[in-house]
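Enquirer: If it helps, the file is called protein32.cif and holds mmCIF, C-alpha atoms:
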```
data_final
#
loop_
_atom_site.label_atom_id
_atom_site.label_comp_id
_atom_site.auth_asym_id
_atom_site.auth_seq_id
_atom_site.Cartn_x
_atom_site.Cartn_y
_atom_site.Cartn_z
CA MET D 1 -21.28 -2.67 -9.00
CA THR D 2 -21.09 -0.36 -6.01
CA ARG D 3 -20.49 3.37 -6.23
CA ALA D 4 -16.92 2.90 -5.00
CA GLY D 5 -16.39 0.29 -7.70
CA TRP D 6 -17.58 2.69 -10.41
CA ILE D 7 -15.27 5.38 -9.05
CA ARG D 8 -12.29 2.99 -9.14
CA LEU D 9 -13.18 1.93 -12.68
CA ALA D 10 -13.47 5.55 -13.80
CA LEU D 11 -10.08 6.40 -12.29
CA ILE D 12 -8.41 3.44 -14.02
CA VAL D 13 -10.01 4.21 -17.40
CA GLY D 14 -9.14 7.89 -17.05
CA ALA D 15 -5.50 7.14 -16.20
CA LEU D 16 -5.22 4.75 -19.16
CA ALA D 17 -6.76 7.32 -21.49
CA LEU D 18 -4.34 10.00 -20.32
CA LEU D 19 -1.36 7.68 -20.78
CA GLU D 20 -2.61 6.68 -24.24
CA ALA D 21 -2.91 10.32 -25.28
CA ALA D 22 0.48 11.23 -23.79
CA CYS D 23 2.20 8.39 -25.65
CA ARG D 24 0.38 9.07 -28.93
CA HIS D 25 1.27 12.77 -28.91
CA GLY D 26 4.91 12.30 -27.95
CA LEU D 27 4.65 13.68 -24.43
CA VAL D 28 6.17 10.41 -23.19
CA SER D 29 9.05 8.72 -24.95
CA ARG D 30 7.93 5.52 -26.69
CA HIS D 31 11.34 4.04 -25.95
CA ALA D 32 10.38 4.08 -22.27
CA VAL D 33 6.59 3.59 -22.23
CA ILE D 34 4.29 2.42 -25.00
CA PRO D 35 0.55 3.24 -25.30
CA PRO D 36 -1.79 1.01 -23.28
CA SER D 37 -3.38 -0.21 -26.52
CA ARG D 38 0.01 -1.57 -27.60
CA MET D 39 0.42 -3.16 -24.17
CA ILE D 40 -2.88 -4.99 -24.60
CA GLU D 41 -1.77 -6.08 -28.07
CA GLY D 42 1.44 -7.41 -26.52
CA ALA D 43 -0.55 -9.29 -23.87
CA TRP D 44 -2.66 -10.93 -26.57
CA ASN D 45 0.46 -11.91 -28.53
CA ALA D 46 1.96 -13.38 -25.36
CA ILE D 47 -1.11 -15.52 -24.78
CA ALA D 48 -1.06 -16.64 -28.42
CA ALA D 49 2.60 -17.78 -28.32
CA ASP D 50 3.17 -21.40 -27.24
CA GLU D 51 6.48 -20.62 -25.52
CA THR D 52 5.00 -17.74 -23.52
CA ARG D 53 1.97 -19.80 -22.52
CA ALA D 54 4.36 -22.41 -21.16
CA ASP D 55 6.14 -19.70 -19.15
CA ILE D 56 2.83 -18.43 -17.77
CA TRP D 57 1.71 -21.94 -16.84
CA LEU D 58 5.01 -22.67 -15.08
CA THR D 59 4.80 -19.47 -13.04
CA LEU D 60 1.19 -20.13 -12.07
CA GLN D 61 2.08 -23.63 -10.88
CA ASN D 62 4.92 -22.30 -8.72
CA VAL D 63 2.74 -19.51 -7.31
CA VAL D 64 -0.08 -21.92 -6.45
CA LEU D 65 2.34 -24.28 -4.70
CA SER D 66 3.90 -21.48 -2.64
CA LEU D 67 0.44 -20.06 -1.86
CA ILE D 68 -0.96 -23.38 -0.64
CA LEU D 69 2.11 -24.08 1.48
CA SER D 70 2.12 -20.58 2.98
CA MET D 71 -1.60 -20.75 3.84
CA ILE D 72 -1.30 -24.16 5.50
CA VAL D 73 1.93 -23.49 7.38
CA GLY D 74 1.09 -19.86 8.19
CA THR D 75 -2.34 -20.66 9.59
CA ALA D 76 -1.03 -23.59 11.64
CA ALA D 77 1.87 -21.51 12.96
CA GLY D 78 -0.48 -18.65 13.85
CA LEU D 79 -2.73 -21.02 15.80
CA MET D 80 0.23 -22.45 17.72
CA LEU D 81 1.75 -19.05 18.45
CA HIS D 82 -1.60 -17.76 19.66
CA LYS D 83 -1.63 -20.44 22.34
CA ALA D 84 2.07 -20.05 23.23
CA THR D 85 1.85 -16.49 24.57
CA ARG D 86 5.41 -16.14 25.85
CA PHE D 87 6.94 -17.59 22.70
CA ARG D 88 4.78 -15.27 20.59
CA ARG D 89 5.99 -12.22 22.52
CA ALA D 90 9.56 -13.29 21.91
CA LEU D 91 8.91 -13.63 18.18
CA ASP D 92 6.93 -10.42 17.75
CA PRO D 93 9.99 -8.21 17.00
CA LEU D 94 11.26 -10.77 14.50
CA LEU D 95 7.92 -10.98 12.72
CA ALA D 96 7.63 -7.19 12.64
CA SER D 97 11.05 -6.80 10.99
CA TYR D 98 10.89 -9.91 8.82
CA TYR D 99 10.43 -8.12 5.50
CA ALA D 100 13.61 -6.13 6.07
CA VAL D 101 15.53 -9.39 5.51
CA PRO D 102 16.71 -9.89 1.87
CA THR D 103 15.10 -13.29 1.32
CA PHE D 104 16.97 -13.93 -1.92
CA VAL D 105 20.22 -14.47 -0.03
CA PHE D 106 18.83 -17.92 0.82
CA TYR D 107 18.52 -18.93 -2.84
CA PRO D 108 21.96 -20.64 -3.02
CA LEU D 109 20.99 -22.64 0.08
CA PHE D 110 17.70 -23.66 -1.55
CA ILE D 111 19.58 -24.82 -4.65
CA VAL D 112 21.77 -27.02 -2.46
CA LEU D 113 18.72 -28.38 -0.61
CA PHE D 114 16.30 -28.80 -3.53
CA GLY D 115 18.45 -28.78 -6.67
CA LEU D 116 18.09 -26.81 -9.90
CA ASN D 117 14.34 -27.12 -10.31
CA ARG D 118 11.16 -25.25 -9.41
CA TRP D 119 11.39 -25.80 -5.66
CA PRO D 120 13.89 -23.00 -4.88
CA LEU D 121 11.46 -20.54 -6.50
CA VAL D 122 8.54 -22.06 -4.60
CA ALA D 123 10.55 -21.72 -1.39
CA ILE D 124 11.21 -18.03 -2.04
CA GLY D 125 7.52 -17.40 -2.73
CA PHE D 126 6.66 -19.33 0.42
CA LEU D 127 9.06 -17.27 2.55
CA PHE D 128 7.57 -14.05 1.20
CA ALA D 129 3.98 -15.09 1.87
CA VAL D 130 4.02 -17.20 5.03
CA VAL D 131 4.77 -14.43 7.54
CA ALA D 132 1.91 -12.28 6.22
CA VAL D 133 -0.41 -15.24 6.85
CA ILE D 134 1.01 -15.77 10.35
CA ILE D 135 0.65 -12.10 11.31
CA ASN D 136 -2.94 -11.83 10.06
CA THR D 137 -3.89 -15.12 11.69
CA LEU D 138 -2.55 -13.86 15.01
CA ASP D 139 -4.39 -10.55 14.59
CA GLY D 140 -7.65 -12.34 13.85
CA LEU D 141 -7.37 -14.70 16.80
CA ALA D 142 -6.44 -11.85 19.15
CA ARG D 143 -9.56 -9.92 18.15
CA ILE D 144 -12.11 -12.61 18.95
CA PRO D 145 -14.43 -10.97 21.53
CA ARG D 146 -14.06 -12.43 25.01
CA ALA D 147 -17.83 -12.66 25.25
CA PHE D 148 -17.75 -15.20 22.41
CA VAL D 149 -15.11 -17.25 24.20
CA ARG D 150 -17.06 -17.22 27.46
CA THR D 151 -20.28 -18.17 25.67
CA ALA D 152 -18.51 -21.11 24.04
CA ALA D 153 -17.24 -22.23 27.45
CA VAL D 154 -20.71 -21.97 28.99
CA MET D 155 -22.23 -23.95 26.12
CA ARG D 156 -19.40 -26.49 26.39
CA LEU D 157 -18.61 -26.44 22.70
CA THR D 158 -16.13 -29.01 21.41
CA ARG D 159 -12.92 -27.85 19.73
CA SER D 160 -14.36 -28.41 16.28
CA GLN D 161 -17.56 -26.55 17.17
CA TYR D 162 -15.57 -23.71 18.72
CA ALA D 163 -13.41 -23.42 15.60
CA LEU D 164 -16.39 -23.57 13.23
CA HIS D 165 -18.86 -21.34 15.07
CA ILE D 166 -16.58 -18.93 16.96
CA VAL D 167 -13.09 -18.69 15.48
CA LEU D 168 -13.86 -18.76 11.75
CA PRO D 169 -16.72 -16.19 11.77
CA ALA D 170 -14.95 -13.80 14.16
CA ALA D 171 -11.49 -13.96 12.58
CA ALA D 172 -12.61 -14.33 8.95
CA PRO D 173 -11.69 -10.74 7.90
CA TRP D 174 -8.08 -11.23 8.97
CA PHE D 175 -7.90 -14.69 7.37
CA PHE D 176 -9.03 -13.19 4.06
CA THR D 177 -6.55 -10.34 4.42
CA GLY D 178 -3.78 -12.88 4.99
CA ALA D 179 -4.89 -14.78 1.88
CA LYS D 180 -4.83 -11.60 -0.23
CA PHE D 181 -1.33 -10.74 0.98
CA ALA D 182 -0.23 -14.32 0.37
CA VAL D 183 -1.40 -14.13 -3.25
CA ALA D 184 0.52 -10.90 -3.87
CA TYR D 185 3.67 -12.00 -2.03
CA SER D 186 3.71 -15.42 -3.70
CA PHE D 187 3.67 -13.73 -7.11
CA ILE D 188 6.37 -11.28 -6.01
CA GLY D 189 8.67 -13.99 -4.66
CA VAL D 190 8.32 -16.40 -7.57
CA ILE D 191 8.53 -13.82 -10.36
CA ALA D 192 11.42 -11.92 -8.75
CA GLY D 193 13.27 -15.23 -8.48
CA GLU D 194 12.59 -15.92 -12.15
CA PHE D 195 14.02 -12.52 -13.04
CA VAL D 196 17.34 -13.33 -11.41
CA VAL D 197 18.05 -17.03 -11.66
CA SER D 198 15.45 -18.94 -13.65
CA GLY D 199 15.55 -19.93 -17.31
CA ALA D 200 11.76 -20.04 -17.64
CA GLY D 201 8.60 -18.42 -16.28
CA ILE D 202 6.98 -15.01 -16.64
CA GLY D 203 9.80 -13.24 -14.81
CA HIS D 204 12.38 -14.73 -17.17
CA ALA D 205 10.21 -13.84 -20.19
CA ILE D 206 9.91 -10.21 -19.01
CA ALA D 207 13.67 -9.96 -18.43
CA PHE D 208 14.36 -11.51 -21.85
CA ALA D 209 11.96 -9.07 -23.56
CA TYR D 210 13.60 -6.15 -21.71
CA ASN D 211 17.10 -7.19 -22.78
CA SER D 212 15.82 -7.67 -26.35
CA PHE D 213 14.20 -4.18 -26.39
CA ASP D 214 10.83 -5.82 -27.05
CA ASN D 215 8.70 -3.30 -25.18
CA ARG D 216 5.42 -4.65 -26.53
CA MET D 217 6.04 -8.13 -25.13
CA MET D 218 7.51 -6.82 -21.88
CA TYR D 219 4.59 -4.51 -21.11
CA GLY D 220 2.13 -7.13 -22.35
CA LEU D 221 3.41 -9.63 -19.80
CA ILE D 222 3.27 -6.97 -17.08
CA VAL D 223 -0.37 -6.29 -18.00
CA LEU D 224 -1.11 -10.02 -17.75
CA LEU D 225 0.41 -10.07 -14.28
CA PHE D 226 -1.76 -7.17 -13.15
CA VAL D 227 -4.84 -8.91 -14.53
CA LEU D 228 -3.96 -12.24 -12.88
CA VAL D 229 -3.25 -10.85 -9.42
CA GLY D 230 -6.12 -8.39 -9.57
CA SER D 231 -8.58 -11.09 -10.67
CA VAL D 232 -7.60 -13.45 -7.85
CA ASN D 233 -7.86 -10.75 -5.20
CA THR D 234 -11.17 -9.56 -6.64
CA LEU D 235 -12.59 -13.09 -6.42
CA LEU D 236 -11.42 -13.33 -2.81
CA SER D 237 -13.07 -9.99 -2.03
CA LEU D 238 -16.35 -11.10 -3.64
CA TRP D 239 -16.27 -14.34 -1.67
CA GLU D 240 -15.61 -12.37 1.49
CA ARG D 241 -18.58 -10.08 0.84
CA LYS D 242 -20.88 -13.05 0.22
CA LEU D 243 -19.89 -14.61 3.50
CA TYR D 244 -20.58 -11.35 5.34
CA ALA D 245 -23.95 -11.04 3.60
CA ARG D 246 -24.92 -14.54 4.72
CA ARG D 247 -23.89 -13.73 8.29
CA ALA D 248 -26.04 -10.61 8.18
CA GLY D 249 -29.00 -12.64 6.89
CA ARG D 250 -29.22 -10.82 3.58
#
```
In structure tokens, what does this structure look like?
Expert:
Amino acid sequence: MTRAGWIRLALIVGALALLEAACRHGLVSRHAVIPPSRMIEGAWNAIAADETRADIWLTLQNVVLSLILSMIVGTAAGLMLHKATRFRRALDPLLASYYAVPTFVFYPLFIVLFGLNRWPLVAIGFLFAVVAVIINTLDGLARIPRAFVRTAAVMRLTRSQYALHIVLPAAAPWFFTGAKFAVAYSFIGVIAGEFVVSGAGIGHAIAFAYNSFDNRMMYGLIVLLFVLVGSVNTLLSLWERKLYARRAGR
């Protein structure tokens, strides 16, 4: 682990220890926040319960579907917009202000289009994630050095060779950033939808635990969410570092 990684780990452990001590000594009301050790206990109980495991599995399926769709559509849209310069300039203000739009207002429309099933939730997760992928794809393509483009033209590379040897290596950091945002936004969209309208999933389970005053289960599920999202983004970061190390010949 790098020095920065050890510093992050120390900060997290220190914050958890302070919260544990504050909760144990009554500095924080246990009706509002429970000790981290109880949260971990709640997470373990959630994993052990068949009903909660089904909720977790359902949410993960919906998140994966929205993530895959947003990556495919977002990357393709970014490639097309990069070539259509005038159209991209017209859309730039809309893309910049996209996240000011309350996406959940479209949920009734999605129910009419897709029915009362998982697809309205997948659509909400997709809408949250796809624009982040588009924006980062455009940023990556715009930052390809012109010298690379000219070299490819001189060497008469085919489209597939240009994409493989020029576009992917040069724009990889932005592609990975778009993927990380897509993971986070897919979770946000799907789980927020489950909070409001779904009868199953992690969001529904958290809302049910909150309404039932079951703080241990509620915080346990929240801990599981942090672990899931953090693990996926950590794996993406490790993959990204390995690719950079190969490029550097290390």
Enquirer: I'd like the neighbourhood of Ser37 in chain D as a list of chain:residue names, where a residue qualifies if any of its atoms comes within 10 Å (using only C-alpha atoms), though same-chain residues fewer than 5 positions away should be ignored.
Expert: D:Leu16, D:Ala17, D:Leu19, D:Glu20, D:Gly42, D:Ala43, D:Arg216, D:Gly220
Enquirer: Using C-alpha atoms, can you write the selected residues to a file as a short mmCIF file (atom, residue, chain, number, x, y, z; two decimals), keeping the file's coordinate frame?
Expert:
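Full text of result-v3.cif as output:
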```cif
data_model
loop_
_atom_site.label_atom_id
_atom_site.label_comp_id
_atom_site.auth_asym_id
_atom_site.auth_seq_id
_atom_site.Cartn_x
_atom_site.Cartn_y
_atom_site.Cartn_z
CA LEU D 16 -5.22 4.75 -19.16
CA ALA D 17 -6.76 7.32 -21.49
CA LEU D 19 -1.36 7.68 -20.78
CA GLU D 20 -2.61 6.68 -24.24
CA GLY D 42 1.44 -7.41 -26.52
CA ALA D 43 -0.55 -9.29 -23.87
CA ARG D 216 5.42 -4.65 -26.53
CA GLY D 220 2.13 -7.13 -22.35
#
```
Enquirer: Could you check how far CA of Tyr210 in chain D sits from CA of Leu67 in chain D, in Å to one decimal?
Expert: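 Answer for the CA of Tyr210 in chain D to CA of Leu67 in chain D separation: 27.6 Å.
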Enquirer: Applying the PyMOL selection byres ((chain D and resi 182-184) around 8) to the file I just gave you, which residues come out? Please list them as a list of chain:residue names.
Expert: D:Val63, D:Leu67, D:Ser70, D:Met71, D:Phe128, D:Ala129, D:Val130, D:Ala132, D:Val133, D:Gly178, D:Ala179, D:Lys180, D:Phe181, D:Tyr185, D:Ser186, D:Phe187, D:Ile188, D:Val229, D:Val232, D:Asn233
Enquirer: Could you state the separation of CA of Phe126 in chain D and CA of Ser66 in chain D in Å, given to one decimal place?
Expert: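 Answer for the CA of Phe126 in chain D to CA of Ser66 in chain D separation: 4.6 Å.
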Enquirer: So the first atom is CA of Pro35 in chain D and the second is CA of Phe226 in chain D; what is the distance between them in Å, to one decimal place?
Expert: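 CA of Pro35 in chain D sits 16.2 Å away from CA of Phe226 in chain D.
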Enquirer: Compile the contact shell of His82 in chain D as number ranges by chain: residues with an atom at most 12 Å away, counting all atoms listed in the file, same-chain residues fewer than 2 positions apart removed.
Expert: D: 74-80, 84-89, 91-92, 134-144
Enquirer: Which residue, D:Met39, D:Leu228, D:Ala46, D:Leu127, has the smallest gap to Phe106 in chain D when you use all atoms listed in the file?
Expert: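 Of the candidates, the smallest distance to Phe106 in chain D is held by D:Leu127.
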Enquirer: Return the single residue from D:Val223, D:Ile7, D:Val101, D:Leu236 that is closest to Asn45 in chain D, with distances computed using all atoms listed in the file.
Expert: D:Val223
Enquirer: Applied to the shown file, which residues does the PyMOL selection byres ((chain D and resi 105) around 12) return, written as JSON, numbers by chain?
Expert: {"D": [101, 102, 103, 104, 106, 107, 108, 109, 110, 111, 120, 124, 127, 193, 196]}
